[in-house]
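Asker: As input, take data.txt (compact mmCIF, C-alpha atoms and all ligand atoms):
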# COMPACT_ATOMS: atom_id res chain seq x y z
CA MET K 1 33.03 17.43 0.33
CA THR K 2 36.43 18.82 -0.54
CA ASP K 3 36.96 17.10 -3.88
CA ASN K 4 34.94 18.97 -6.52
CA ASN K 5 35.28 16.15 -9.03
CA ALA K 6 34.00 13.50 -6.69
CA ILE K 7 30.91 11.79 -8.03
CA GLU K 8 27.90 12.25 -5.83
CA LEU K 9 25.38 9.98 -7.54
CA SER K 10 25.75 6.83 -9.60
CA ILE K 11 22.53 5.79 -11.30
CA VAL K 12 22.73 2.09 -12.20
CA ILE K 13 20.33 0.66 -14.79
CA PRO K 14 20.17 -2.98 -15.92
CA VAL K 15 18.89 -3.24 -19.49
CA LEU K 16 17.51 -6.25 -21.29
CA ASN K 17 15.74 -5.43 -24.55
CA GLU K 18 14.30 -2.06 -23.53
CA ALA K 19 15.21 -0.06 -26.65
CA ASP K 20 11.90 1.82 -26.74
CA SER K 21 12.03 3.06 -23.15
CA LEU K 22 15.64 4.17 -22.86
CA LYS K 23 15.49 7.64 -24.40
CA THR K 24 12.55 8.87 -22.35
CA LEU K 25 14.03 7.34 -19.22
CA TYR K 26 17.38 9.02 -19.83
CA GLU K 27 15.71 12.39 -20.30
CA GLU K 28 13.74 11.97 -17.08
CA ILE K 29 16.91 11.07 -15.20
CA VAL K 30 18.71 14.15 -16.49
CA VAL K 31 15.91 16.35 -15.17
CA ALA K 32 15.77 14.48 -11.86
CA VAL K 33 19.49 14.79 -11.10
CA SER K 34 19.89 18.37 -12.31
CA GLY K 35 19.88 19.63 -8.72
CA SER K 36 22.36 17.05 -7.44
CA GLY K 37 26.15 17.20 -7.54
CA ASN K 38 28.28 15.35 -10.09
CA CYS K 39 26.63 12.24 -11.31
CA GLU K 40 27.16 9.32 -13.64
CA ILE K 41 24.54 7.19 -15.35
CA ILE K 42 25.64 3.59 -15.83
CA PHE K 43 23.63 1.39 -18.19
CA ILE K 44 24.38 -2.32 -18.11
CA ASP K 45 23.41 -4.03 -21.32
CA ASP K 46 22.55 -7.52 -20.12
CA GLY K 47 22.82 -9.29 -23.47
CA SER K 48 20.06 -7.35 -25.29
CA THR K 49 19.19 -8.58 -28.76
CA ASP K 50 17.23 -5.48 -29.84
CA ALA K 51 18.46 -1.95 -30.52
CA SER K 52 19.15 -1.18 -26.83
CA LEU K 53 22.91 -0.95 -27.21
CA THR K 54 22.87 1.37 -30.24
CA THR K 55 20.26 3.54 -28.54
CA LEU K 56 22.50 3.77 -25.48
CA MET K 57 25.52 4.63 -27.63
CA ASP K 58 23.51 7.44 -29.26
CA ILE K 59 22.64 8.80 -25.84
CA GLN K 60 26.26 8.54 -24.74
CA GLN K 61 27.50 10.59 -27.71
CA ASN K 62 25.91 13.72 -26.29
CA ASP K 63 26.48 13.12 -22.61
CA GLY K 64 29.84 12.29 -21.07
CA ARG K 65 28.18 11.23 -17.81
CA VAL K 66 26.73 8.15 -19.49
CA ARG K 67 28.69 4.91 -19.15
CA ILE K 68 27.74 1.63 -20.78
CA ILE K 69 28.79 -1.77 -19.51
CA LYS K 70 28.03 -4.42 -22.08
CA LEU K 71 27.83 -7.91 -20.68
CA ARG K 72 28.82 -10.68 -23.04
CA ARG K 73 25.49 -12.47 -22.74
CA ASN K 74 22.37 -12.35 -20.62
CA PHE K 75 23.42 -12.96 -17.02
CA GLY K 76 20.23 -11.81 -15.30
CA GLN K 77 19.15 -8.66 -13.50
CA THR K 78 21.03 -9.38 -10.28
CA ALA K 79 24.30 -9.98 -12.13
CA ALA K 80 23.79 -6.85 -14.24
CA LEU K 81 23.16 -4.75 -11.13
CA SER K 82 26.19 -6.29 -9.49
CA ALA K 83 28.39 -5.29 -12.46
CA GLY K 84 27.00 -1.76 -12.24
CA PHE K 85 27.61 -1.52 -8.48
CA LYS K 86 31.17 -2.70 -8.90
CA HIS K 87 31.96 0.00 -11.47
CA ALA K 88 30.02 2.79 -9.81
CA GLY K 89 32.19 5.53 -8.33
CA GLY K 90 29.52 7.65 -6.66
CA ARG K 91 29.07 8.32 -2.96
CA ILE K 92 25.46 7.27 -3.38
CA ILE K 93 24.31 4.50 -5.69
CA ILE K 94 20.80 4.35 -7.10
CA PRO K 95 19.62 1.36 -9.13
CA LEU K 96 16.58 1.79 -11.34
CA ASP K 97 14.63 -0.33 -13.86
CA ALA K 98 15.18 0.46 -17.53
CA ASP K 99 11.54 0.00 -18.51
CA GLY K 100 10.40 3.31 -17.02
CA GLN K 101 8.29 1.68 -14.29
CA ASN K 102 10.37 3.42 -11.62
CA ASP K 103 10.07 7.19 -11.70
CA PRO K 104 13.41 9.04 -11.71
CA ALA K 105 11.61 12.01 -10.15
CA ASP K 106 11.81 10.09 -6.85
CA ILE K 107 15.62 10.19 -6.82
CA PRO K 108 16.03 13.51 -4.95
CA ARG K 109 13.64 12.31 -2.21
CA LEU K 110 15.54 9.05 -1.78
CA VAL K 111 18.82 10.94 -1.51
CA ALA K 112 17.38 13.45 0.95
CA ARG K 113 16.16 10.61 3.14
CA LEU K 114 19.50 8.82 2.92
CA ASN K 115 21.22 11.98 4.07
CA THR K 116 19.17 12.09 7.23
CA GLY K 117 21.34 9.26 8.52
CA PHE K 118 20.55 6.01 6.71
CA ASP K 119 22.70 3.56 4.76
CA ILE K 120 19.89 2.26 2.57
CA VAL K 121 16.56 3.79 1.58
CA SER K 122 14.32 1.30 -0.17
CA GLY K 123 11.50 2.27 -2.52
CA TRP K 124 8.00 1.05 -1.72
CA ARG K 125 5.72 0.76 -4.74
CA LYS K 126 2.61 1.30 -2.67
CA LYS K 127 0.39 1.62 -5.72
CA ARG K 128 1.68 -0.94 -8.17
CA HIS K 129 0.74 -0.89 -11.81
CA ASP K 130 1.34 -4.50 -12.71
CA ASN K 131 -0.76 -7.54 -13.44
CA ALA K 132 -2.47 -8.46 -10.16
CA LEU K 133 -2.44 -12.22 -10.63
CA THR K 134 1.15 -12.72 -11.73
CA ARG K 135 2.81 -9.78 -10.00
CA THR K 136 1.07 -7.76 -7.33
CA ILE K 137 -0.49 -10.60 -5.31
CA PRO K 138 2.51 -12.98 -5.38
CA SER K 139 4.75 -10.06 -4.55
CA ARG K 140 2.57 -9.06 -1.55
CA MET K 141 2.83 -12.59 -0.19
CA ALA K 142 6.53 -12.83 -0.92
CA ASN K 143 7.21 -9.52 0.82
CA TRP K 144 5.25 -10.61 3.87
CA ILE K 145 7.22 -13.86 4.11
CA ILE K 146 10.57 -12.17 3.50
CA ALA K 147 9.86 -9.54 6.14
CA ARG K 148 8.89 -12.22 8.69
CA ILE K 149 11.85 -14.48 7.96
CA THR K 150 14.52 -11.81 7.69
CA GLY K 151 13.11 -9.67 10.48
CA VAL K 152 13.58 -6.60 8.27
CA ARG K 153 10.25 -4.81 8.09
CA LEU K 154 10.06 -3.48 4.54
CA HIS K 155 6.91 -3.58 2.42
CA ASP K 156 8.56 -4.01 -0.95
CA PHE K 157 11.84 -5.85 -1.25
CA GLY K 158 11.49 -6.30 -5.02
CA CYS K 159 11.50 -2.60 -5.93
CA THR K 160 14.69 -1.92 -7.86
CA LEU K 161 14.62 1.78 -7.04
CA LYS K 162 16.61 2.22 -3.85
CA ALA K 163 19.39 4.46 -2.62
CA TYR K 164 22.57 3.01 -1.14
CA ARG K 165 25.52 4.65 0.48
CA ALA K 166 28.36 3.17 -1.59
CA GLU K 167 30.02 1.53 1.42
CA SER K 168 26.87 -0.38 2.25
CA LEU K 169 27.28 -2.41 -0.94
CA LYS K 170 30.96 -3.15 -0.43
CA CYS K 171 30.74 -6.31 1.65
CA ILE K 172 27.73 -7.80 -0.08
CA ARG K 173 28.14 -10.38 -2.80
CA LEU K 174 25.14 -11.20 -4.93
CA TYR K 175 24.02 -14.47 -6.48
CA GLY K 176 20.81 -15.78 -8.07
CA GLU K 177 17.89 -13.37 -7.68
CA MET K 178 19.38 -11.88 -4.57
CA HIS K 179 19.44 -8.17 -5.33
CA ARG K 180 16.11 -7.87 -3.51
CA PHE K 181 17.75 -9.13 -0.32
CA ILE K 182 20.43 -6.45 -0.11
CA PRO K 183 18.48 -4.48 2.54
CA ALA K 184 18.11 -7.63 4.63
CA LEU K 185 21.77 -8.60 4.31
CA ALA K 186 22.84 -5.04 5.04
CA SER K 187 20.54 -4.74 8.01
CA TRP K 188 21.94 -7.96 9.47
CA GLY K 189 25.37 -6.40 9.01
CA GLY K 190 24.29 -3.51 11.24
CA GLU K 191 23.34 -0.97 8.57
CA ARG K 192 20.46 1.46 8.97
CA VAL K 193 17.67 0.66 6.52
CA THR K 194 14.42 2.50 5.90
CA GLU K 195 11.84 2.90 3.13
CA ILE K 196 9.80 5.61 1.44
CA VAL K 197 6.83 5.36 -0.89
CA VAL K 198 7.82 5.80 -4.52
CA ASN K 199 5.84 6.24 -7.68
CA HIS K 200 5.26 3.21 -9.91
CA ARG K 201 4.09 3.34 -13.48
CA PRO K 202 2.75 0.81 -15.94
CA ARG K 203 5.12 -0.59 -18.51
CA THR K 204 4.58 1.36 -21.72
CA ALA K 205 7.02 -0.42 -24.01
CA GLY K 206 8.69 -3.80 -24.27
CA LYS K 207 7.74 -6.90 -22.27
CA THR K 208 8.32 -8.07 -18.72
CA LYS K 209 11.25 -10.47 -18.42
CA TYR K 210 9.84 -12.62 -15.68
CA GLY K 211 7.18 -15.28 -15.26
CA LEU K 212 5.79 -17.00 -12.20
CA ASN K 213 8.87 -19.21 -11.81
CA ARG K 214 10.62 -16.25 -10.23
CA ILE K 215 8.64 -16.98 -7.05
CA PHE K 216 10.44 -20.31 -6.58
CA LYS K 217 13.83 -18.77 -7.16
CA VAL K 218 13.10 -16.04 -4.64
CA ILE K 219 11.99 -18.58 -2.02
CA LEU K 220 15.11 -20.70 -2.56
CA ASP K 221 17.29 -17.59 -2.31
CA LEU K 222 15.52 -16.66 0.89
CA ILE K 223 16.30 -20.06 2.41
CA THR K 224 19.92 -19.71 1.30
CA ILE K 225 20.49 -16.26 2.79
CA LYS K 226 18.70 -17.15 6.00
CA PHE K 227 20.82 -20.27 6.35
CA LEU K 228 24.04 -18.46 5.49
CA ALA K 229 23.27 -15.61 7.85
CA SER K 230 22.26 -17.74 10.79
CA PHE K 231 24.64 -20.65 10.51
CA SER K 232 27.43 -19.85 8.10
CA THR K 233 29.92 -19.75 10.92
CA LYS K 234 28.45 -22.73 12.79
CA PRO K 235 26.84 -25.24 10.37
CA ILE K 236 27.35 -28.12 12.79
CA TYR K 237 24.63 -26.58 14.96
CA VAL K 238 22.09 -27.15 12.17
CA PHE K 239 23.28 -30.51 10.93
CA GLY K 240 24.16 -31.70 14.39
CA GLY K 241 20.71 -30.68 15.60
CA LEU K 242 18.98 -32.59 12.81
CA GLY K 243 21.32 -35.53 13.44
CA GLY K 244 20.43 -35.46 17.13
CA LEU K 245 16.71 -35.51 16.35
CA SER K 246 17.12 -38.47 13.99
CA LEU K 247 19.13 -40.29 16.60
CA LEU K 248 16.42 -39.73 19.21
CA GLY K 249 13.81 -41.04 16.77
CA SER K 250 15.98 -44.01 16.02
CA PHE K 251 16.38 -44.92 19.70
CA ALA K 252 12.67 -44.43 20.31
CA SER K 253 11.69 -46.88 17.61
CA GLY K 254 14.50 -49.21 18.63
CA PHE K 255 13.14 -49.35 22.18
CA ALA K 256 9.65 -49.90 20.83
CA VAL K 257 10.91 -52.89 18.90
CA LEU K 258 12.53 -54.35 22.02
CA TYR K 259 9.41 -53.62 24.05
CA TYR K 260 7.20 -55.52 21.67
CA LYS K 261 9.66 -58.38 21.33
CA PHE K 262 10.16 -59.09 25.01
CA LEU K 263 7.27 -57.53 26.91
CA ASP K 264 4.34 -57.54 24.53
CA PRO K 265 5.10 -60.26 21.96
CA GLU K 266 1.41 -60.76 21.11
CA HIS K 267 1.34 -57.47 19.25
CA LEU K 268 4.58 -58.02 17.42
CA ALA K 269 4.15 -58.76 13.74
CA MET K 270 7.55 -60.32 13.20
CA ASN K 271 7.52 -60.50 9.46
CA ASN K 272 6.26 -56.97 8.91
CA ASN K 273 7.70 -54.76 11.57
CA PRO K 274 8.17 -51.18 10.30
CA LEU K 275 9.66 -49.92 13.55
CA LEU K 276 12.86 -51.88 13.14
CA VAL K 277 13.36 -50.56 9.62
CA LEU K 278 12.50 -47.03 10.79
CA SER K 279 15.00 -47.27 13.61
CA MET K 280 17.73 -48.37 11.23
CA ILE K 281 16.96 -45.68 8.64
CA LEU K 282 16.90 -42.93 11.27
CA PHE K 283 20.17 -44.17 12.72
CA THR K 284 21.87 -44.02 9.32
CA THR K 285 20.38 -40.56 8.65
CA ALA K 286 21.64 -39.34 12.01
CA ILE K 287 25.19 -40.41 11.23
CA GLN K 288 24.93 -38.82 7.78
CA PHE K 289 23.68 -35.53 9.22
CA ILE K 290 26.47 -35.33 11.74
CA LEU K 291 29.13 -36.15 9.16
CA MET K 292 27.62 -33.58 6.80
CA GLY K 293 27.83 -31.02 9.58
CA LEU K 294 31.52 -31.76 10.06
CA LEU K 295 32.07 -31.49 6.32
CA ALA K 296 30.25 -28.14 6.32
CA GLU K 297 32.48 -26.96 9.16
CA ILE K 298 35.51 -27.64 6.97
CA LEU K 299 33.89 -25.79 4.06
CA VAL K 300 33.05 -22.80 6.21
CA ARG K 301 36.64 -22.49 7.32
CA THR K 302 37.85 -22.58 3.70
CA TYR K 303 35.23 -19.97 2.79
CA HIS K 304 36.15 -17.52 5.50
CA GLU K 305 39.89 -18.01 5.38
CA SER K 306 40.34 -18.02 1.59
CA GLN K 307 38.55 -14.69 1.33
CA ASN K 308 39.97 -13.26 4.49
CA ARG K 309 36.45 -12.75 5.68
CA GLU K 310 36.03 -12.17 9.34
CA ILE K 311 33.05 -13.42 11.29
CA TYR K 312 32.35 -9.85 12.42
CA ILE K 313 32.22 -6.39 10.83
CA ILE K 314 34.00 -3.46 12.49
CA GLU K 315 32.51 -0.03 11.99
CA GLU K 316 35.56 1.83 13.27
CA ILE K 317 38.29 1.58 15.86
CA LEU K 318 38.72 4.47 18.23
CA GLU K 319 42.21 4.93 19.68
CA SER K 320 43.26 7.48 22.21
CA ASN K 321 45.73 9.98 20.66
CA GLY K 322 48.71 9.31 22.83
CA ARG K 323 48.41 5.57 22.52
CA GLN K 324 51.65 3.63 21.95
CA GLU K 325 51.79 0.27 20.22
N1 LIG K 401 16.53 -7.15 -16.70
C1 LIG K 401 17.85 -7.43 -16.98
N2 LIG K 401 18.22 -8.74 -17.19
C2 LIG K 401 17.30 -9.77 -17.11
C3 LIG K 401 15.96 -9.46 -16.79
C4 LIG K 401 15.61 -8.14 -16.58
O1 LIG K 401 18.69 -6.54 -17.05
O2 LIG K 401 17.71 -10.91 -17.33
C5 LIG K 401 16.13 -5.74 -16.46
C6 LIG K 401 15.01 -5.24 -17.33
O3 LIG K 401 15.48 -4.72 -18.55
C7 LIG K 401 14.40 -4.15 -16.46
C8 LIG K 401 14.61 -4.69 -15.05
O4 LIG K 401 15.63 -5.67 -15.15
O5 LIG K 401 15.13 -2.95 -16.57
C9 LIG K 401 13.33 -5.28 -14.46
O6 LIG K 401 12.76 -6.21 -15.32
P1 LIG K 401 11.20 -6.29 -15.61
O7 LIG K 401 10.66 -4.92 -15.85
O8 LIG K 401 10.98 -7.28 -16.72
O9 LIG K 401 10.64 -6.88 -14.25
P2 LIG K 401 9.20 -6.57 -13.62
O10 LIG K 401 9.06 -5.07 -13.54
O11 LIG K 401 8.21 -7.17 -14.55
O12 LIG K 401 9.25 -7.22 -12.28
MG MG K 402 9.33 -3.68 -14.96
Is it possible to express this structure as structure tokens?
Ligand code: UDP
Ligand code: MG
Answerer:
Amino acid sequence: MTDNNAIELSIVIPVLNEADSLKTLYEEIVVAVSGSGNCEIIFIDDGSTDASLTTLMDIQQNDGRVRIIKLRRNFGQTAALSAGFKHAGGRIIIPLDADGQNDPADIPRLVARLNTGFDIVSGWRKKRHDNALTRTIPSRMANWIIARITGVRLHDFGCTLKAYRAESLKCIRLYGEMHRFIPALASWGGERVTEIVVNHRPRTAGKTKYGLNRIFKVILDLITIKFLASFSTKPIYVFGGLGGLSLLGSFASGFAVLYYKFLDPEHLAMNNNPLLVLSMILFTTAIQFILMGLLAEILVRTYHESQNREIYIIEEILESNGRQE
């Protein structure tokens, strides 16, 4: 590092009504990063209605490294993190929960691991201190499914505490509850992802912000990212495939109808023949699927071209020195 003012670490903390945890957490962070280079601590106030913001402003008065991003209303944890990532200037970015459940003492270990040649180091809350019925068990199942479907073998996607090399967040755009899928998206983009066990502590103040309905959102997000990753450049393969299957079904029942009509009329119940209706419905569905696929192809082109997004990611281009254009 040649630039002495360059920020080494950006700690990014989404805050929704956590007034009673913030001071202790801040103090723990200060201790944890004391051995690291320059750092900044970014709190994102995600529309808190308690004393969180004034508490943060108090903290900021005595520490110039503290930055506060106040969102206009509650946009959700993923959006808050996203705002923090966008404004973070550090070489390494470390998100962390504001409720004190993540232990800032883990930060140096995450950074050390990152520096051994990874782009993302994810925290694994091996010993979780949360309600078993509403948190730990659903999360176990969710993690198992996410690991199988994404092919990225992490034990704990939901842990906020992770370490990212800043560049690894650059091409990722977040929606819904998707912050937990960053390692999967990054890994699909060719980044090196690993995990280490981190400490997890019970919540000592404030209340959890989530109920069981988060499970459904996570599953829907999973379907979305899987679909986008696998087929976002070729949607016609999905819709066309489904259309083809419907068409096959339609022909099969159509032939069955003809068979019964001409070759086996005894078994044909003329006034109540479901196969004819089935054949017609499947035929219409097939046409719809194929047209939807074509429509999606148009959308995909708009998506990629309007954002100048390529369908590949280049790591670097190596030219020989004497090369002429
Ligand atoms: N959070 C947020 N906006 C929200 C919900 C949560 O910024 O709409 C923050 C919250 O303040 C905490 C973190 O996200 O710092 C994780 O939330 P919580 O502890 O409630 O989740 P849990 O640990 O129960 O999964
Ligand atoms: Mg929590």
Asker: Around ligand LIG 401 (chain K), at most 6 Å away and counting only C-alpha atoms and all ligand atoms, which residues are there? Put them as a list in words, please.
Answerer: Pro14, Val15, Leu16, Glu18, Asp46, Asn74, Gly76, Gln77, Ala80, Asp97, Ala98, Asp99, Thr208, Lys209 and Tyr210 of chain K
Asker: May I have a table of the residues of chain K lying at most 10 Å from ligand MG 402 (chain K), giving each one's closest pair of atoms and their distance in Å to one decimal, counting all atoms listed in the file, ordered by chain and ascending residue number, as a Markdown table?
Answerer:
| residue | atom | partner | partner_atom | distance |
| --- | --- | --- | --- | --- |
| K:Leu96 | CA | K:MG402 | MG | 9.8 |
| K:Asp97 | CA | K:MG402 | MG | 6.4 |
| K:Ala98 | CA | K:MG402 | MG | 7.6 |
| K:Asp99 | CA | K:MG402 | MG | 5.6 |
| K:Gly100 | CA | K:MG402 | MG | 7.4 |
| K:Gln101 | CA | K:MG402 | MG | 5.5 |
| K:Asn102 | CA | K:MG402 | MG | 7.9 |
| K:His129 | CA | K:MG402 | MG | 9.6 |
| K:Asp130 | CA | K:MG402 | MG | 8.3 |
| K:Cys159 | CA | K:MG402 | MG | 9.3 |
| K:Thr160 | CA | K:MG402 | MG | 9.1 |
| K:His200 | CA | K:MG402 | MG | 9.5 |
| K:Arg201 | CA | K:MG402 | MG | 8.9 |
| K:Pro202 | CA | K:MG402 | MG | 8.0 |
| K:Arg203 | CA | K:MG402 | MG | 6.3 |
| K:Thr204 | CA | K:MG402 | MG | 9.7 |
| K:Ala205 | CA | K:MG402 | MG | 9.9 |
| K:Gly206 | CA | K:MG402 | MG | 9.3 |
| K:Lys207 | CA | K:MG402 | MG | 8.1 |
| K:Thr208 | CA | K:MG402 | MG | 5.9 |
| K:Lys209 | CA | K:MG402 | MG | 7.9 |
| K:Tyr210 | CA | K:MG402 | MG | 9.0 |
Asker: In Å, rounded to a single decimal, give me how far CA of Gly158 (chain K) is from CA of Pro95 (chain K).
Answerer: 11.9 Å
Asker: Looking at all atoms listed in the file, which of K:Leu161, K:Ile314, K:Leu56, K:Leu299 is the one that sits closest to Gly189 (chain K)?
Answerer: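 Closest residue, counting all atoms listed in the file: K:Ile314.
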Asker: Could you pull the residues within 7 Å of region 137-147 of chain K, counting all atoms listed in the file, minus those fewer than 6 positions along the same chain, as JSON, numbers by chain?
Answerer: {"K": [153, 154, 155, 156, 157]}
Asker: Using only C-alpha atoms, which residue out of K:Ile11, K:Ile92, K:Ala105, K:Leu228 lies closest to Arg67 (chain K)?
Answerer: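 Closest candidate: K:Ile11.
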Asker: Would you please work out which residue, of K:Thr302, K:Thr194, K:Thr285, K:Ser82, is nearest to Thr233 (chain K) when using only C-alpha atoms?
Answerer: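 The answer is K:Thr302, which sits nearest to Thr233 (chain K).
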Asker: Name all residues at most 12 Å from Glu315 (chain K) (count all atoms listed in the file; drop same-chain ones fewer than 4 positions away) and give them as number ranges by chain.
Answerer: K: 167-168, 189-191
